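Coordinates from query.txt are shown below (compact mmCIF, C-alpha atoms).
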```
# COMPACT_ATOMS: atom_id res chain seq x y z
CA MET A 18 97.52 133.88 78.19
CA THR A 19 99.67 136.21 76.16
CA GLY A 20 98.89 135.88 72.47
CA SER A 21 95.63 134.00 72.93
CA LEU A 22 93.67 136.72 71.11
CA VAL A 23 96.06 137.40 68.23
CA GLY A 24 94.07 138.20 65.09
CA LYS A 25 90.93 139.14 67.02
CA VAL A 26 89.24 142.54 66.97
CA ALA A 27 87.53 143.80 70.12
CA LEU A 28 85.13 146.68 70.69
CA ILE A 29 84.85 147.98 74.24
CA THR A 30 82.38 150.61 75.41
CA GLY A 31 83.22 152.89 78.31
CA ALA A 32 86.91 152.35 77.57
CA SER A 33 88.42 155.63 78.74
CA SER A 34 88.60 154.72 82.43
CA GLY A 35 88.00 152.07 85.06
CA ILE A 36 87.07 148.54 84.07
CA GLY A 37 86.65 149.41 80.39
CA ARG A 38 90.13 150.90 80.12
CA ALA A 39 91.74 148.04 82.03
CA THR A 40 89.96 145.55 79.78
CA ALA A 41 91.14 147.33 76.62
CA LEU A 42 94.74 147.02 77.80
CA ALA A 43 94.29 143.39 78.89
CA LEU A 44 92.87 142.36 75.52
CA ALA A 45 95.65 144.19 73.68
CA GLU A 46 98.22 142.39 75.82
CA ALA A 47 96.58 139.12 74.73
CA GLY A 48 97.02 140.13 71.09
CA ALA A 49 93.74 141.77 70.08
CA ASP A 50 93.29 144.95 68.11
CA VAL A 51 90.96 147.24 70.02
CA ALA A 52 88.29 149.82 69.23
CA LEU A 53 87.73 152.07 72.25
CA ASN A 54 84.36 153.71 72.73
CA PHE A 55 84.04 156.57 75.22
CA PHE A 56 81.84 159.56 76.01
CA SER A 57 84.02 161.36 78.56
CA LEU A 58 87.72 161.64 79.45
CA PRO A 59 88.95 161.91 75.83
CA ASP A 60 92.56 162.49 76.91
CA ASP A 61 92.53 159.26 78.91
CA ALA A 62 91.04 157.39 75.94
CA ALA A 63 93.75 158.76 73.65
CA GLN A 64 96.45 157.78 76.14
CA THR A 65 95.02 154.25 76.33
CA ALA A 66 95.04 154.00 72.54
CA GLU A 67 98.70 155.02 72.50
CA GLN A 68 99.53 152.34 75.06
CA ILE A 69 97.82 149.76 72.88
CA ARG A 70 99.67 150.91 69.77
CA ALA A 71 102.94 150.71 71.70
CA MET A 72 102.19 146.98 72.12
CA GLY A 73 102.06 146.66 68.35
CA ARG A 74 98.27 146.47 68.19
CA ARG A 75 95.86 148.64 66.27
CA ALA A 76 93.60 150.99 68.25
CA LEU A 77 90.69 153.18 67.13
CA LEU A 78 88.84 155.84 69.13
CA TYR A 79 85.07 156.36 69.00
CA PRO A 80 83.56 159.23 71.05
CA VAL A 81 80.01 157.86 70.78
CA ASP A 82 77.02 158.07 73.14
CA VAL A 83 75.94 154.44 73.49
CA SER A 84 72.34 155.50 74.14
CA ASN A 85 72.16 156.56 70.46
CA GLN A 86 71.33 153.41 68.51
CA ALA A 87 72.13 154.82 65.08
CA ALA A 88 75.51 156.08 66.29
CA VAL A 89 76.35 152.70 67.85
CA GLU A 90 75.45 150.87 64.65
CA ALA A 91 77.56 153.28 62.60
CA MET A 92 80.46 152.75 65.01
CA VAL A 93 80.33 148.96 64.64
CA THR A 94 80.16 149.27 60.85
CA ASP A 95 83.21 151.54 60.89
CA VAL A 96 85.18 149.22 63.17
CA ALA A 97 84.51 146.29 60.84
CA ALA A 98 85.49 148.36 57.80
CA LYS A 99 88.75 149.64 59.29
CA LEU A 100 89.88 146.64 61.33
CA GLY A 101 88.36 143.95 59.12
CA ARG A 102 85.93 142.37 61.56
CA VAL A 103 84.48 142.38 65.09
CA ASP A 104 85.13 139.23 67.11
CA LEU A 105 84.77 140.41 70.70
CA PHE A 106 82.45 142.87 72.40
CA VAL A 107 82.61 144.18 75.96
CA SER A 108 79.81 146.40 77.24
CA SER A 109 81.26 148.51 80.05
CA ALA A 110 79.70 151.95 79.52
CA VAL A 111 77.58 153.03 82.46
CA TYR A 112 75.72 155.94 83.97
CA SER A 113 74.14 156.07 87.41
CA ASP A 114 72.55 158.58 89.75
CA ARG A 115 71.68 157.77 93.35
CA GLU A 116 68.44 159.19 94.74
CA PRO A 117 65.27 157.87 96.36
CA PHE A 118 63.07 156.68 93.52
CA HIS A 119 60.04 158.68 94.63
CA THR A 120 61.88 162.00 94.43
CA ALA A 121 64.43 161.13 91.72
CA ASN A 122 65.23 163.59 88.99
CA MET A 123 63.65 161.89 85.99
CA ASP A 124 66.28 163.13 83.57
CA GLY A 125 68.95 161.27 85.52
CA PHE A 126 66.69 158.26 86.03
CA ARG A 127 66.06 157.95 82.29
CA ARG A 128 69.70 158.60 81.46
CA THR A 129 70.70 155.71 83.71
CA LEU A 130 68.34 153.37 81.86
CA ASP A 131 69.28 154.73 78.43
CA VAL A 132 73.02 154.21 78.93
CA SER A 133 73.26 151.29 81.33
CA MET A 134 70.44 149.19 79.83
CA MET A 135 69.65 150.30 76.29
CA GLY A 136 73.26 151.18 75.54
CA ALA A 137 74.27 147.62 76.37
CA TYR A 138 71.51 146.30 74.12
CA TYR A 139 72.42 148.52 71.17
CA GLY A 140 76.05 147.43 71.35
CA LEU A 141 75.15 143.77 71.73
CA ARG A 142 72.70 143.92 68.83
CA ALA A 143 75.04 145.69 66.42
CA CYS A 144 78.11 143.61 67.26
CA CYS A 145 76.28 140.29 67.12
CA ASN A 146 74.77 141.15 63.74
CA GLN A 147 78.31 141.80 62.52
CA MET A 148 79.52 138.51 64.01
CA ILE A 149 76.64 136.63 62.38
CA ARG A 150 77.58 138.11 59.00
CA GLN A 151 81.17 136.98 59.52
CA ALA A 152 79.96 133.43 60.29
CA SER A 153 83.00 132.66 62.45
CA GLY A 154 81.56 132.86 65.96
CA GLY A 155 82.44 135.42 68.59
CA ALA A 156 82.32 136.26 72.27
CA VAL A 157 80.61 138.94 74.34
CA VAL A 158 80.97 140.01 77.96
CA ILE A 159 78.42 142.33 79.54
CA VAL A 160 79.64 144.12 82.66
CA SER A 161 76.66 143.78 84.96
CA SER A 162 76.59 144.20 88.74
CA PRO A 163 75.39 142.71 92.02
CA HIS A 164 72.78 145.48 91.70
CA GLY A 165 71.05 143.09 89.32
CA GLN A 166 70.12 140.89 92.28
CA ILE A 167 70.50 143.07 95.38
CA ALA A 168 68.03 145.93 95.83
CA PHE A 169 70.51 148.58 96.95
CA PRO A 170 68.54 151.62 98.17
CA ASN A 171 68.61 154.92 96.25
CA CYS A 172 69.72 153.02 93.12
CA MET A 173 66.42 151.96 91.58
CA ALA A 174 67.21 152.89 87.97
CA TYR A 175 70.63 151.24 88.13
CA ASN A 176 69.20 148.15 89.86
CA MET A 177 66.56 147.92 87.14
CA ALA A 178 69.11 148.33 84.35
CA LYS A 179 71.46 145.65 85.66
CA ALA A 180 68.65 143.16 86.32
CA ALA A 181 67.45 143.73 82.77
CA ILE A 182 70.82 143.18 81.13
CA ASP A 183 71.30 139.92 83.02
CA GLN A 184 68.21 138.58 81.28
CA MET A 185 69.28 140.25 78.04
CA ALA A 186 72.59 138.38 78.09
CA LYS A 187 71.04 135.01 78.92
CA THR A 188 68.41 135.41 76.21
CA ALA A 189 71.05 136.42 73.67
CA ALA A 190 73.23 133.46 74.65
CA THR A 191 70.29 131.13 73.98
CA GLU A 192 69.43 132.68 70.62
CA LEU A 193 73.04 132.79 69.46
CA LEU A 194 73.89 129.15 70.12
CA PRO A 195 73.53 128.22 66.42
CA HIS A 196 75.99 130.99 65.52
CA LYS A 197 78.60 129.91 68.12
CA ILE A 198 78.57 133.39 69.68
CA ARG A 199 79.08 133.20 73.43
CA VAL A 200 77.50 135.77 75.76
CA ASN A 201 78.37 136.04 79.44
CA CYS A 202 78.12 138.59 82.25
CA VAL A 203 80.48 139.53 85.04
CA TYR A 204 79.46 140.80 88.44
CA PRO A 205 82.25 143.03 89.72
CA GLY A 206 82.16 143.71 93.41
CA TRP A 207 82.86 147.21 94.64
CA THR A 208 85.77 148.22 92.40
CA ASP A 209 88.22 151.07 92.83
CA THR A 210 87.54 153.15 89.71
CA PRO A 211 87.33 156.89 89.00
CA GLY A 212 83.56 156.56 88.67
CA GLU A 213 83.23 155.72 92.36
CA ARG A 214 84.41 159.24 93.19
CA LYS A 215 81.03 160.50 91.99
CA PHE A 216 79.54 159.08 95.17
CA LEU A 217 82.36 158.97 97.76
CA THR A 218 85.64 160.69 98.49
CA ASP A 219 88.92 158.78 98.71
CA ASP A 220 88.64 158.98 102.48
CA GLY A 221 85.09 157.64 102.42
CA ILE A 222 86.14 154.71 100.25
CA ALA A 223 89.13 153.95 102.47
CA LYS A 224 86.89 153.85 105.54
CA ALA A 225 84.24 151.66 103.89
CA ALA A 226 86.55 149.11 102.23
CA PRO A 227 87.51 147.16 105.40
CA GLY A 228 83.82 146.43 105.95
CA LEU A 229 83.60 144.38 102.75
CA PRO A 230 83.77 140.57 103.01
CA TRP A 231 87.30 140.44 101.53
CA GLY A 232 88.33 143.57 103.39
CA ARG A 233 89.12 145.69 100.32
CA LEU A 234 87.83 146.91 96.98
CA ALA A 235 88.58 145.09 93.75
CA THR A 236 90.98 146.61 91.26
CA ALA A 237 89.98 147.28 87.67
CA ASP A 238 92.79 144.96 86.53
CA GLU A 239 91.30 142.07 88.50
CA ILE A 240 87.95 142.51 86.76
CA ALA A 241 89.64 142.92 83.37
CA GLY A 242 91.53 139.66 83.84
CA ALA A 243 88.29 137.78 84.35
CA ILE A 244 86.73 139.44 81.30
CA ARG A 245 89.73 138.47 79.21
CA PHE A 246 89.41 134.86 80.39
CA LEU A 247 85.77 134.74 79.28
CA LEU A 248 86.73 136.05 75.83
CA GLU A 249 89.64 133.68 75.27
CA PRO A 250 89.38 130.41 73.32
CA GLY A 251 89.97 128.49 76.54
CA ALA A 252 86.52 129.59 77.74
CA ASP A 253 84.81 128.21 74.63
CA TYR A 254 82.45 126.03 76.71
CA ILE A 255 81.17 128.93 78.82
CA THR A 256 78.09 130.81 77.69
CA GLY A 257 74.97 132.21 79.32
CA THR A 258 76.54 132.51 82.76
CA ILE A 259 77.35 135.20 85.32
CA LEU A 260 80.85 135.21 86.77
CA HIS A 261 81.03 136.79 90.22
CA ILE A 262 84.24 138.70 90.92
CA ASP A 263 82.93 140.22 94.11
CA GLY A 264 85.19 139.22 96.98
CA GLY A 265 82.53 137.02 98.57
CA LEU A 266 79.70 139.54 98.50
CA PHE A 267 77.06 136.84 98.02
CA LEU A 268 78.45 134.58 100.74
CA PRO A 269 76.76 134.66 104.18
CA TRP A 270 79.70 136.66 105.52
CA TRP A 271 77.34 138.71 107.66
CA SER A 272 76.60 135.59 109.72
CA LYS A 273 80.27 135.32 110.69
CA ARG A 274 80.22 138.96 111.76
CA ALA A 275 77.10 138.34 113.84
CA ASN A 276 78.88 135.46 115.57
CA GLY A 277 81.89 137.62 116.33
CA ASP A 278 84.21 135.85 113.89
CA LEU A 279 84.93 138.99 111.85
```
Take the structure in this file and express it as structure tokens.
Amino acid sequence: MTGSLVGKVALITGASSGIGRATALALAEAGADVALNFFSLPDDAAQTAEQIRAMGRRALLYPVDVSNQAAVEAMVTDVAAKLGRVDLFVSSAVYSDREPFHTANMDGFRRTLDVSMMGAYYGLRACCNQMIRQASGGAVVIVSSPHGQIAFPNCMAYNMAKAAIDQMAKTAATELLPHKIRVNCVYPGWTDTPGERKFLTDDGIAKAAPGLPWGRLATADEIAGAIRFLLEPGADYITGTILHIDGGLFLPWWSKRANGDL
């Protein structure tokens, strides 16, 4: 709903591309001022900020490594000082390498955990402490993944990180009930983002997409729309849950294929 987030301030990590960028624009369209965190693609982050300002919203840029707790806490403090508060937090920053676990480069393995798991925790911790000080509630969405439940091969560190943040979000939702701060996760299915080009070419993605249950990849805008819904006042009764936006990935679609129906 346009205008449903007027007066709110949102902080989004990983906001220079993909789901994070689409979410920043979606929240601005709904009326929120937005702080954009990023660690790569600074030109894209700056362009996104300009788009938000063109909507009449305020936008701040923070080139911060989310695996650095002190830097994340300083970022949240600065957002609150400059924009007046922090009402909404979206954790979308991610890092992932794909290798067999028994031969994985440990630098990449640890980096995946530091960004995708601990980075989400640092942002959640800092933003929720700010929300508690404000004493006016708040809402959080953690971008998790089906990797949290499905043991995709060659993705052990990422699988571990996403499983961990699912429990992180549910635990936080429980502890934050007295403060009226809602915490939810989303499970995007395979989504067409620039980050996917780290693992596959455009041609490889085009060939793989028809094999998905819904026959295509998700778009970043589709995921962002669901995130916006979870942050809006209309979702006030939703906390501690995981919303699947995965095109039927967890349905027994493989059984239809086995029976010749697909």
Self-check item: Contacts of range 121-126 of chain A at 10 Å (all atoms listed in the file; same-chain gap of 2+ positions) as an MDAnalysis selection string
Solution: chainID A and resid 112:119 128:131 171:175
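Take CA of Asp263 in chain A and CA of Thr236 in chain A: the distance between them is 10.7 Å.
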Self-check item: All residues 10 Å or closer to Cys144 in chain A, all atoms listed in the file, same chain fewer than 5 positions away omitted, as number ranges by chain
Solution: A: 27-28, 89-90, 92-94, 96-97, 102-107, 138-139, 149-150, 155-157
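Atom pair CA of Arg75 in chain A / CA of Val26 in chain A: separated by 9.0 Å.
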Quiz item: What does the distance from CA of Ala110 in chain A to CA of Ala41 in chain A come to in Å, to one decimal?
Solution: 12.7 Å
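Polymer residues near (100.1, 143.3, 72.4): counting all atoms listed in the file with a cut-off of 10 Å, they are Thr19, Gly20, Leu22, Val23, Leu42, Ala43, Leu44, Ala45, Glu46, Ala47, Gly48, Ala49, Asp50, Gln68, Ile69, Arg70, Ala71, Met72, Gly73, Arg74 and Arg75 of chain A.
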For the selection just defined, write its residues with C-alpha atoms to a file, as an mmCIF file, in the frame of the given file.
```cif
data_model
loop_
_atom_site.group_PDB
_atom_site.id
_atom_site.type_symbol
_atom_site.label_atom_id
_atom_site.label_comp_id
_atom_site.auth_asym_id
_atom_site.auth_seq_id
_atom_site.Cartn_x
_atom_site.Cartn_y
_atom_site.Cartn_z
ATOM 1 C CA THR A 19 99.670 136.210 76.160
ATOM 2 C CA GLY A 20 98.890 135.880 72.470
ATOM 3 C CA LEU A 22 93.670 136.720 71.110
ATOM 4 C CA VAL A 23 96.060 137.400 68.230
ATOM 5 C CA LEU A 42 94.740 147.020 77.800
ATOM 6 C CA ALA A 43 94.290 143.390 78.890
ATOM 7 C CA LEU A 44 92.870 142.360 75.520
ATOM 8 C CA ALA A 45 95.650 144.190 73.680
ATOM 9 C CA GLU A 46 98.220 142.390 75.820
ATOM 10 C CA ALA A 47 96.580 139.120 74.730
ATOM 11 C CA GLY A 48 97.020 140.130 71.090
ATOM 12 C CA ALA A 49 93.740 141.770 70.080
ATOM 13 C CA ASP A 50 93.290 144.950 68.110
ATOM 14 C CA GLN A 68 99.530 152.340 75.060
ATOM 15 C CA ILE A 69 97.820 149.760 72.880
ATOM 16 C CA ARG A 70 99.670 150.910 69.770
ATOM 17 C CA ALA A 71 102.940 150.710 71.700
ATOM 18 C CA MET A 72 102.190 146.980 72.120
ATOM 19 C CA GLY A 73 102.060 146.660 68.350
ATOM 20 C CA ARG A 74 98.270 146.470 68.190
ATOM 21 C CA ARG A 75 95.860 148.640 66.270
#
```
Build an axis-aligned box that encloses every atom of range 159-177 of chain A listed in the file, pad it by 6 Å on each side, and report its centre and edge lengths in Å to one decimal, as JSON.
```
{"center_x": 73.0, "center_y": 147.9, "center_z": 88.9, "size_x": 25.2, "size_y": 26.0, "size_z": 30.6}
```
Self-check item: Shortest interatomic distance to Leu100 in chain A - which of A:Arg199, A:Lys179, A:Lys25, A:His164, counting all atoms listed in the file
Solution: A:Lys25
Quiz prompt | Neighbours of point (91.4, 128.8, 75.6) within 12 Å, using all atoms listed in the file, written as number ranges by chain | solution = A: 18-22, 47, 245-255
Residues near range 224-229 of chain A, cut-off 12 Å, all atoms listed in the file, skip fewer than 3 positions along chain, as a PDB file with C-alpha atoms, in the frame of the given file:
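Now in out-v2.pdb:
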```
ATOM      1  CA  GLY A 206      82.160 143.710  93.410  1.00  0.00           C
ATOM      2  CA  TRP A 207      82.860 147.210  94.640  1.00  0.00           C
ATOM      3  CA  THR A 208      85.770 148.220  92.400  1.00  0.00           C
ATOM      4  CA  ASP A 209      88.220 151.070  92.830  1.00  0.00           C
ATOM      5  CA  LEU A 217      82.360 158.970  97.760  1.00  0.00           C
ATOM      6  CA  THR A 218      85.640 160.690  98.490  1.00  0.00           C
ATOM      7  CA  ASP A 219      88.920 158.780  98.710  1.00  0.00           C
ATOM      8  CA  ASP A 220      88.640 158.980 102.480  1.00  0.00           C
ATOM      9  CA  GLY A 221      85.090 157.640 102.420  1.00  0.00           C
ATOM     10  CA  GLY A 232      88.330 143.570 103.390  1.00  0.00           C
ATOM     11  CA  ARG A 233      89.120 145.690 100.320  1.00  0.00           C
ATOM     12  CA  LEU A 234      87.830 146.910  96.980  1.00  0.00           C
ATOM     13  CA  ALA A 235      88.580 145.090  93.750  1.00  0.00           C
ATOM     14  CA  ASP A 263      82.930 140.220  94.110  1.00  0.00           C
ATOM     15  CA  GLY A 264      85.190 139.220  96.980  1.00  0.00           C
ATOM     16  CA  GLY A 265      82.530 137.020  98.570  1.00  0.00           C
ATOM     17  CA  LEU A 266      79.700 139.540  98.500  1.00  0.00           C
ATOM     18  CA  PHE A 267      77.060 136.840  98.020  1.00  0.00           C
ATOM     19  CA  LEU A 268      78.450 134.580 100.740  1.00  0.00           C
ATOM     20  CA  PRO A 269      76.760 134.660 104.180  1.00  0.00           C
ATOM     21  CA  TRP A 270      79.700 136.660 105.520  1.00  0.00           C
ATOM     22  CA  TRP A 271      77.340 138.710 107.660  1.00  0.00           C
ATOM     23  CA  ARG A 274      80.220 138.960 111.760  1.00  0.00           C
ATOM     24  CA  LEU A 279      84.930 138.990 111.850  1.00  0.00           C
TER      25      LEU A 279
END
```
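The environment of Asp82 in chain A within 8 Å, counting all atoms listed in the file and disregarding residues fewer than 6 places along the same chain, consists of Phe55, Phe56, Ala88 and Val89 of chain A.
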Quick one: range 216-241 of chain A with N, CA and C atoms, as an mmCIF file, in the coordinates of the input?
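Heads up, here's the output in part09.cif:
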```cif
data_model
loop_
_atom_site.group_PDB
_atom_site.id
_atom_site.type_symbol
_atom_site.label_atom_id
_atom_site.label_comp_id
_atom_site.auth_asym_id
_atom_site.auth_seq_id
_atom_site.Cartn_x
_atom_site.Cartn_y
_atom_site.Cartn_z
ATOM 1 N N PHE A 216 80.392 159.330 94.011
ATOM 2 C CA PHE A 216 79.540 159.080 95.170
ATOM 3 C C PHE A 216 80.274 159.187 96.506
ATOM 4 N N LEU A 217 81.598 158.938 96.515
ATOM 5 C CA LEU A 217 82.360 158.970 97.760
ATOM 6 C C LEU A 217 83.727 159.588 97.516
ATOM 7 N N THR A 218 84.277 160.185 98.550
ATOM 8 C CA THR A 218 85.640 160.690 98.490
ATOM 9 C C THR A 218 86.619 159.529 98.691
ATOM 10 N N ASP A 219 87.904 159.794 98.444
ATOM 11 C CA ASP A 219 88.920 158.780 98.710
ATOM 12 C C ASP A 219 88.884 158.343 100.168
ATOM 13 N N ASP A 220 88.689 159.300 101.053
ATOM 14 C CA ASP A 220 88.640 158.980 102.480
ATOM 15 C C ASP A 220 87.427 158.117 102.799
ATOM 16 N N GLY A 221 86.294 158.433 102.192
ATOM 17 C CA GLY A 221 85.090 157.640 102.420
ATOM 18 C C GLY A 221 85.251 156.209 101.933
ATOM 19 N N ILE A 222 85.896 156.043 100.778
ATOM 20 C CA ILE A 222 86.140 154.710 100.250
ATOM 21 C C ILE A 222 87.090 153.938 101.151
ATOM 22 N N ALA A 223 88.150 154.605 101.600
ATOM 23 C CA ALA A 223 89.130 153.950 102.470
ATOM 24 C C ALA A 223 88.499 153.472 103.770
ATOM 25 N N LYS A 224 87.550 154.232 104.286
ATOM 26 C CA LYS A 224 86.890 153.850 105.540
ATOM 27 C C LYS A 224 85.899 152.712 105.325
ATOM 28 N N ALA A 225 85.257 152.682 104.146
ATOM 29 C CA ALA A 225 84.240 151.660 103.890
ATOM 30 C C ALA A 225 84.835 150.325 103.477
ATOM 31 N N ALA A 226 85.978 150.334 102.804
ATOM 32 C CA ALA A 226 86.550 149.110 102.230
ATOM 33 C C ALA A 226 86.771 147.988 103.239
ATOM 34 N N PRO A 227 87.291 148.264 104.456
ATOM 35 C CA PRO A 227 87.510 147.160 105.400
ATOM 36 C C PRO A 227 86.233 146.441 105.816
ATOM 37 N N GLY A 228 85.080 147.066 105.604
ATOM 38 C CA GLY A 228 83.820 146.430 105.950
ATOM 39 C C GLY A 228 83.308 145.447 104.922
ATOM 40 N N LEU A 229 83.983 145.348 103.782
ATOM 41 C CA LEU A 229 83.600 144.380 102.750
ATOM 42 C C LEU A 229 84.046 142.980 103.154
ATOM 43 N N PRO A 230 83.410 141.936 102.614
ATOM 44 C CA PRO A 230 83.770 140.570 103.010
ATOM 45 C C PRO A 230 85.257 140.265 102.863
ATOM 46 N N TRP A 231 85.879 140.723 101.758
ATOM 47 C CA TRP A 231 87.300 140.440 101.530
ATOM 48 C C TRP A 231 88.187 141.525 102.114
ATOM 49 N N GLY A 232 87.578 142.546 102.688
ATOM 50 C CA GLY A 232 88.330 143.570 103.390
ATOM 51 C C GLY A 232 88.926 144.655 102.515
ATOM 52 N N ARG A 233 88.598 144.650 101.225
ATOM 53 C CA ARG A 233 89.120 145.690 100.320
ATOM 54 C C ARG A 233 88.262 145.744 99.068
ATOM 55 N N LEU A 234 88.463 146.810 98.280
ATOM 56 C CA LEU A 234 87.830 146.910 96.980
ATOM 57 C C LEU A 234 88.589 146.068 95.965
ATOM 58 N N ALA A 235 87.902 145.709 94.885
ATOM 59 C CA ALA A 235 88.580 145.090 93.750
ATOM 60 C C ALA A 235 89.358 146.144 92.984
ATOM 61 N N THR A 236 90.312 145.706 92.190
ATOM 62 C CA THR A 236 90.980 146.610 91.260
ATOM 63 C C THR A 236 90.386 146.389 89.871
ATOM 64 N N ALA A 237 90.486 147.413 89.042
ATOM 65 C CA ALA A 237 89.980 147.280 87.670
ATOM 66 C C ALA A 237 90.723 146.184 86.924
ATOM 67 N N ASP A 238 92.007 146.005 87.203
ATOM 68 C CA ASP A 238 92.790 144.960 86.530
ATOM 69 C C ASP A 238 92.279 143.570 86.879
ATOM 70 N N GLU A 239 91.831 143.375 88.113
ATOM 71 C CA GLU A 239 91.300 142.070 88.500
ATOM 72 C C GLU A 239 90.029 141.741 87.709
ATOM 73 N N ILE A 240 89.175 142.726 87.530
ATOM 74 C CA ILE A 240 87.950 142.510 86.760
ATOM 75 C C ILE A 240 88.299 142.275 85.290
ATOM 76 N N ALA A 241 89.232 143.062 84.776
ATOM 77 C CA ALA A 241 89.640 142.920 83.370
ATOM 78 C C ALA A 241 90.216 141.541 83.092
#
```
